[in-house]
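Q: The following block contains the structure, expressed as structure tokens.
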Amino acid sequence: MIVVHHLNNSKSQRILWLLEELSLDYEIRGYKRLASGMAPPEMQNIHPLGKAPIVELDGVVMAESGSVVQYVLERYGNGRLMPDRNSPSYPKYLELLHYAEGSMSPPVIMVLLGNLMKVDNPAFKGMTENMARTHLGFVDSLLESEDYLIGREFTAADLQITFILQIAAGQGLLDARPRLREYIARMESRPAYQRALEKGGPFDVSFHR
Ligand SMILES: N[C@@H](CCC(=O)N[C@@H](CS)C(=O)NCC(=O)O)C(=O)O
């Protein structure tokens, strides 16, 4: 049995979505963010980082959504949600799968935190928004002539990147990017995404800008 330690309004939503796309059985243990926005300390009893997602599978406890997604697909995917390993799309897929957390997430989260904490420093705001916009422009350009990040098929890279786009949208960073807003809506309309929402409970990452 796969156990997902799921924090509300967090990156563990990706794992629920992934497991629904794969029609796998899993159990959800739910946690609620504290008033500060942090995860409750009991999550540290499961994994020392105490950050969502944490997933238990094959007797192992794993954190880091990108590695969880990659492992789940290797173990249970039977080739689904990723290009063939011998195709030229495969390295591009791996790049984007890990780009979501490695490079794209940090500046977008910095913008979010700056807004949440009402950081009134034009240099900070300018720099973080500028960095975030570089990434959003890059992702936008990937969708110029294709429906998905890796061509014509939905892959787990779409799933990883959608969460960051949802955060960006909540901070107004997509106001001038209709293609990315349409892409998010398309991802959110997937039946598996909707089932994950029903199981995971209310999901809102706009964080009241
Ligand atoms: N790079 C990690 C990020 C993990 C992370 O920071 N999760 C956030 C939720 S989106 C969290 O647990 N925040 C609460 C906290 O830091 O206490 C991943 O993709 O799994």
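Ligands are numbered from 1 in the order shown, residues from 1 within each chain, and chains are lettered A, B, ... in the order they appear in the structure tokens.
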At a cut-off of 10 Å, using only C-alpha atoms, what residues contact Gly50 (chain A)? Leave out same-chain residues fewer than 6 positions from it and give the result as a PyMOL selection string.
A: chain A and resi 5+38-44+63
Q: Go ahead and write the selection's residues with N, CA, C and O atoms as a short mmCIF file (atom, residue, chain, number, x, y, z; two decimals), in the first residue's frame.
A:
data_model
loop_
_atom_site.label_atom_id
_atom_site.label_comp_id
_atom_site.auth_asym_id
_atom_site.auth_seq_id
_atom_site.Cartn_x
_atom_site.Cartn_y
_atom_site.Cartn_z
N HIS A 5 1.46 11.21 2.79
CA HIS A 5 1.27 12.18 3.88
C HIS A 5 0.99 13.52 3.20
O HIS A 5 1.88 14.12 2.60
N MET A 38 3.37 26.87 8.07
CA MET A 38 4.29 25.73 8.13
C MET A 38 3.51 24.43 8.31
O MET A 38 2.35 24.42 8.76
N ALA A 39 4.19 23.31 8.01
CA ALA A 39 3.60 21.99 8.24
C ALA A 39 3.61 21.70 9.74
O ALA A 39 4.51 22.18 10.45
N PRO A 40 2.65 20.93 10.23
CA PRO A 40 2.66 20.61 11.66
C PRO A 40 3.88 19.75 12.01
O PRO A 40 4.32 18.96 11.17
N PRO A 41 4.42 19.92 13.22
CA PRO A 41 5.67 19.22 13.56
C PRO A 41 5.58 17.70 13.50
O PRO A 41 6.60 17.05 13.29
N GLU A 42 4.37 17.12 13.60
CA GLU A 42 4.31 15.64 13.57
C GLU A 42 4.76 15.07 12.22
O GLU A 42 5.12 13.91 12.13
N MET A 43 4.79 15.91 11.20
CA MET A 43 5.29 15.39 9.92
C MET A 43 6.77 15.04 10.02
O MET A 43 7.27 14.19 9.28
N GLN A 44 7.47 15.69 10.96
CA GLN A 44 8.89 15.37 11.13
C GLN A 44 9.10 13.99 11.74
O GLN A 44 10.21 13.46 11.73
N ALA A 63 10.84 11.70 0.46
CA ALA A 63 10.40 13.10 0.30
C ALA A 63 10.84 13.53 -1.10
O ALA A 63 11.41 12.75 -1.85
#
Q: Need to verify the contact set: Pro191 (chain A), 12 Å, only C-alpha atoms, exclusion of same-chain residues closer than 6 positions in sequence. Can you return it as a ChimeraX atom specification?
A: /A:17-18,20-23,197-198
Q: Give the residues close to ligand 1, within 10 Å, counting only C-alpha atoms and all ligand atoms; write them as an NGL selection string.
A: :A and (6-15 or 32-34 or 36-41 or 43-44 or 49-55 or 62-69 or 98 or 100-102 or 105-106 or 109 or 160 or 163-164 or 167 or 205)
Q: Can you list, as a list in words, every protein, DNA or RNA residue that comes within 12 Å of Tyr93 (chain A) when you count only C-alpha atoms, leaving out same-chain residues fewer than 5 positions away?
A: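 Neighbouring residues, sequence-local ones excluded: Gly66, Gln70, Leu81, Met82, Pro83, Asp84, Arg85, Asn86, Ser87, Pro88, His98, Tyr99, Ala100, Tyr148, Leu149, Ile150, Gly151, Glu153, Phe154, Thr155, Ala156, Ala157, Asp158, Leu159, Gln160 and Ile161 of chain A.
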Q: Can you write out the residues you just picked, keeping C-alpha atoms, as a CSV table (one decimal), in the first residue's frame?
A:
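result-v7.csv, written as the output of this step:
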chain,number,residue,atom,x,y,z
A,66,GLY,CA,10.3,15.0,-8.3
A,70,GLN,CA,10.1,9.4,-11.0
A,81,LEU,CA,3.2,9.4,-18.3
A,82,MET,CA,6.7,9.5,-19.7
A,83,PRO,CA,8.3,9.2,-23.2
A,84,ASP,CA,10.0,6.0,-24.2
A,85,ARG,CA,13.5,5.9,-22.6
A,86,ASN,CA,15.1,5.5,-26.0
A,87,SER,CA,13.3,8.5,-27.6
A,88,PRO,CA,15.0,11.9,-27.9
A,98,HIS,CA,13.3,18.1,-12.2
A,99,TYR,CA,13.5,21.7,-13.5
A,100,ALA,CA,10.1,22.3,-11.8
A,148,TYR,CA,1.9,19.6,-23.5
A,149,LEU,CA,5.4,20.3,-22.3
A,150,ILE,CA,6.7,17.2,-24.1
A,151,GLY,CA,4.9,17.4,-27.4
A,153,GLU,CA,1.3,13.6,-24.7
A,154,PHE,CA,0.6,14.4,-21.1
A,155,THR,CA,3.6,13.4,-19.0
A,156,ALA,CA,4.6,13.7,-15.4
A,157,ALA,CA,6.6,16.9,-16.3
A,158,ASP,CA,3.2,18.6,-16.9
A,159,LEU,CA,2.1,17.4,-13.5
A,160,GLN,CA,5.2,18.8,-11.7
A,161,ILE,CA,5.2,22.1,-13.5
Q: Could you name the residues that touch Ala169 (chain A) at 10 Å or less, counting only C-alpha atoms, but leaving out those on the same chain fewer than 5 positions away, as a PDB file with all heavy atoms, in the first residue's frame?
A:
ATOM      1  N   VAL A 108       9.598  31.586  -7.919  1.00  0.00           N
ATOM      2  CA  VAL A 108       8.141  31.779  -7.829  1.00  0.00           C
ATOM      3  C   VAL A 108       7.720  31.768  -6.353  1.00  0.00           C
ATOM      4  O   VAL A 108       6.905  32.591  -5.909  1.00  0.00           O
ATOM      5  CB  VAL A 108       7.389  30.701  -8.664  1.00  0.00           C
ATOM      6  CG1 VAL A 108       5.888  30.801  -8.465  1.00  0.00           C
ATOM      7  CG2 VAL A 108       7.740  30.843 -10.147  1.00  0.00           C
ATOM      8  N   PHE A 163       1.824  22.738 -10.789  1.00  0.00           N
ATOM      9  CA  PHE A 163       1.712  23.291  -9.435  1.00  0.00           C
ATOM     10  C   PHE A 163       2.397  24.661  -9.338  1.00  0.00           C
ATOM     11  O   PHE A 163       1.873  25.602  -8.745  1.00  0.00           O
ATOM     12  CB  PHE A 163       2.326  22.331  -8.400  1.00  0.00           C
ATOM     13  CG  PHE A 163       2.182  22.813  -6.976  1.00  0.00           C
ATOM     14  CD1 PHE A 163       1.093  22.441  -6.208  1.00  0.00           C
ATOM     15  CD2 PHE A 163       3.122  23.680  -6.409  1.00  0.00           C
ATOM     16  CE1 PHE A 163       0.939  22.899  -4.899  1.00  0.00           C
ATOM     17  CE2 PHE A 163       2.975  24.139  -5.116  1.00  0.00           C
ATOM     18  CZ  PHE A 163       1.882  23.752  -4.354  1.00  0.00           C
ATOM     19  N   ILE A 164       3.562  24.779  -9.951  1.00  0.00           N
ATOM     20  CA  ILE A 164       4.302  26.047  -9.872  1.00  0.00           C
ATOM     21  C   ILE A 164       3.552  27.135 -10.659  1.00  0.00           C
ATOM     22  O   ILE A 164       3.497  28.296 -10.253  1.00  0.00           O
ATOM     23  CB  ILE A 164       5.746  25.900 -10.414  1.00  0.00           C
ATOM     24  CG1 ILE A 164       6.447  24.701  -9.780  1.00  0.00           C
ATOM     25  CG2 ILE A 164       6.549  27.184 -10.166  1.00  0.00           C
ATOM     26  CD1 ILE A 164       6.575  24.759  -8.278  1.00  0.00           C
ATOM     27  N   LEU A 174       0.744  35.489 -14.059  1.00  0.00           N
ATOM     28  CA  LEU A 174       0.280  34.999 -15.363  1.00  0.00           C
ATOM     29  C   LEU A 174      -0.763  35.921 -15.991  1.00  0.00           C
ATOM     30  O   LEU A 174      -1.397  35.561 -16.976  1.00  0.00           O
ATOM     31  CB  LEU A 174      -0.310  33.582 -15.232  1.00  0.00           C
ATOM     32  CG  LEU A 174       0.609  32.498 -14.669  1.00  0.00           C
ATOM     33  CD1 LEU A 174      -0.022  31.123 -14.850  1.00  0.00           C
ATOM     34  CD2 LEU A 174       1.981  32.531 -15.320  1.00  0.00           C
ATOM     35  N   ASP A 175      -0.915  37.103 -15.411  1.00  0.00           N
ATOM     36  CA  ASP A 175      -1.970  38.003 -15.915  1.00  0.00           C
ATOM     37  C   ASP A 175      -1.795  38.294 -17.408  1.00  0.00           C
ATOM     38  O   ASP A 175      -2.771  38.460 -18.125  1.00  0.00           O
ATOM     39  CB  ASP A 175      -1.996  39.312 -15.115  1.00  0.00           C
ATOM     40  CG  ASP A 175      -2.526  39.084 -13.696  1.00  0.00           C
ATOM     41  OD1 ASP A 175      -2.888  37.922 -13.379  1.00  0.00           O
ATOM     42  OD2 ASP A 175      -2.569  40.044 -12.900  1.00  0.00           O
ATOM     43  N   ARG A 177      -0.249  36.215 -19.490  1.00  0.00           N
ATOM     44  CA  ARG A 177       0.126  34.953 -20.149  1.00  0.00           C
ATOM     45  C   ARG A 177      -1.092  34.047 -20.313  1.00  0.00           C
ATOM     46  O   ARG A 177      -1.256  33.041 -19.604  1.00  0.00           O
ATOM     47  CB  ARG A 177       1.215  34.228 -19.350  1.00  0.00           C
ATOM     48  CG  ARG A 177       2.510  35.022 -19.272  1.00  0.00           C
ATOM     49  CD  ARG A 177       3.740  34.149 -19.164  1.00  0.00           C
ATOM     50  NE  ARG A 177       4.943  34.964 -19.220  1.00  0.00           N
ATOM     51  CZ  ARG A 177       5.627  35.202 -20.332  1.00  0.00           C
ATOM     52  NH1 ARG A 177       5.227  34.693 -21.480  1.00  0.00           N
ATOM     53  NH2 ARG A 177       6.711  35.941 -20.291  1.00  0.00           N
ATOM     54  N   LEU A 180      -0.630  30.191 -20.682  1.00  0.00           N
ATOM     55  CA  LEU A 180      -0.350  29.428 -19.466  1.00  0.00           C
ATOM     56  C   LEU A 180      -1.605  29.277 -18.618  1.00  0.00           C
ATOM     57  O   LEU A 180      -1.819  28.236 -17.991  1.00  0.00           O
ATOM     58  CB  LEU A 180       0.779  30.096 -18.655  1.00  0.00           C
ATOM     59  CG  LEU A 180       2.169  30.011 -19.289  1.00  0.00           C
ATOM     60  CD1 LEU A 180       3.218  30.686 -18.398  1.00  0.00           C
ATOM     61  CD2 LEU A 180       2.582  28.556 -19.546  1.00  0.00           C
ATOM     62  N   ARG A 181      -2.471  30.278 -18.646  1.00  0.00           N
ATOM     63  CA  ARG A 181      -3.730  30.169 -17.875  1.00  0.00           C
ATOM     64  C   ARG A 181      -4.623  29.096 -18.505  1.00  0.00           C
ATOM     65  O   ARG A 181      -5.238  28.290 -17.819  1.00  0.00           O
ATOM     66  CB  ARG A 181      -4.452  31.520 -17.815  1.00  0.00           C
ATOM     67  CG  ARG A 181      -3.674  32.578 -17.018  1.00  0.00           C
ATOM     68  CD  ARG A 181      -4.603  33.691 -16.532  1.00  0.00           C
ATOM     69  NE  ARG A 181      -5.386  34.281 -17.612  1.00  0.00           N
ATOM     70  CZ  ARG A 181      -4.980  35.266 -18.416  1.00  0.00           C
ATOM     71  NH1 ARG A 181      -3.785  35.802 -18.237  1.00  0.00           N
ATOM     72  NH2 ARG A 181      -5.755  35.744 -19.379  1.00  0.00           N
ATOM     73  N   ILE A 184      -3.214  25.664 -17.577  1.00  0.00           N
ATOM     74  CA  ILE A 184      -3.589  25.265 -16.204  1.00  0.00           C
ATOM     75  C   ILE A 184      -5.032  24.751 -16.201  1.00  0.00           C
ATOM     76  O   ILE A 184      -5.329  23.697 -15.623  1.00  0.00           O
ATOM     77  CB  ILE A 184      -3.470  26.450 -15.211  1.00  0.00           C
ATOM     78  CG1 ILE A 184      -2.023  26.896 -15.053  1.00  0.00           C
ATOM     79  CG2 ILE A 184      -4.042  26.075 -13.848  1.00  0.00           C
ATOM     80  CD1 ILE A 184      -1.856  28.119 -14.147  1.00  0.00           C
ATOM     81  N   VAL A 205      -4.045  27.508  -3.815  1.00  0.00           N
ATOM     82  CA  VAL A 205      -2.676  27.975  -3.631  1.00  0.00           C
ATOM     83  C   VAL A 205      -2.515  29.435  -4.030  1.00  0.00           C
ATOM     84  O   VAL A 205      -1.427  29.891  -4.349  1.00  0.00           O
ATOM     85  CB  VAL A 205      -1.642  27.069  -4.371  1.00  0.00           C
ATOM     86  CG1 VAL A 205      -1.531  25.723  -3.702  1.00  0.00           C
ATOM     87  CG2 VAL A 205      -1.974  26.919  -5.852  1.00  0.00           C
ATOM     88  N   SER A 206      -3.647  30.174  -4.001  1.00  0.00           N
ATOM     89  CA  SER A 206      -3.524  31.606  -4.311  1.00  0.00           C
ATOM     90  C   SER A 206      -2.988  32.353  -3.080  1.00  0.00           C
ATOM     91  O   SER A 206      -2.437  33.433  -3.186  1.00  0.00           O
ATOM     92  CB  SER A 206      -4.864  32.193  -4.751  1.00  0.00           C
ATOM     93  OG  SER A 206      -5.801  32.068  -3.715  1.00  0.00           O
TER      94      SER A 206
END
Q: Return as a PyMOL selection string the full set of residues in region 17-191 of chain A whose backbone-based DSSP assignment is strand (DSSP E).
A: chain A and resi 26-31+54-57+60-63
Q: In Å, with one decimal, what is the gap from CA of Val3 (chain A) to CA of Arg29 (chain A)?
A: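 Taking CA of Val3 (chain A) and CA of Arg29 (chain A), their separation equals 7.1 Å.
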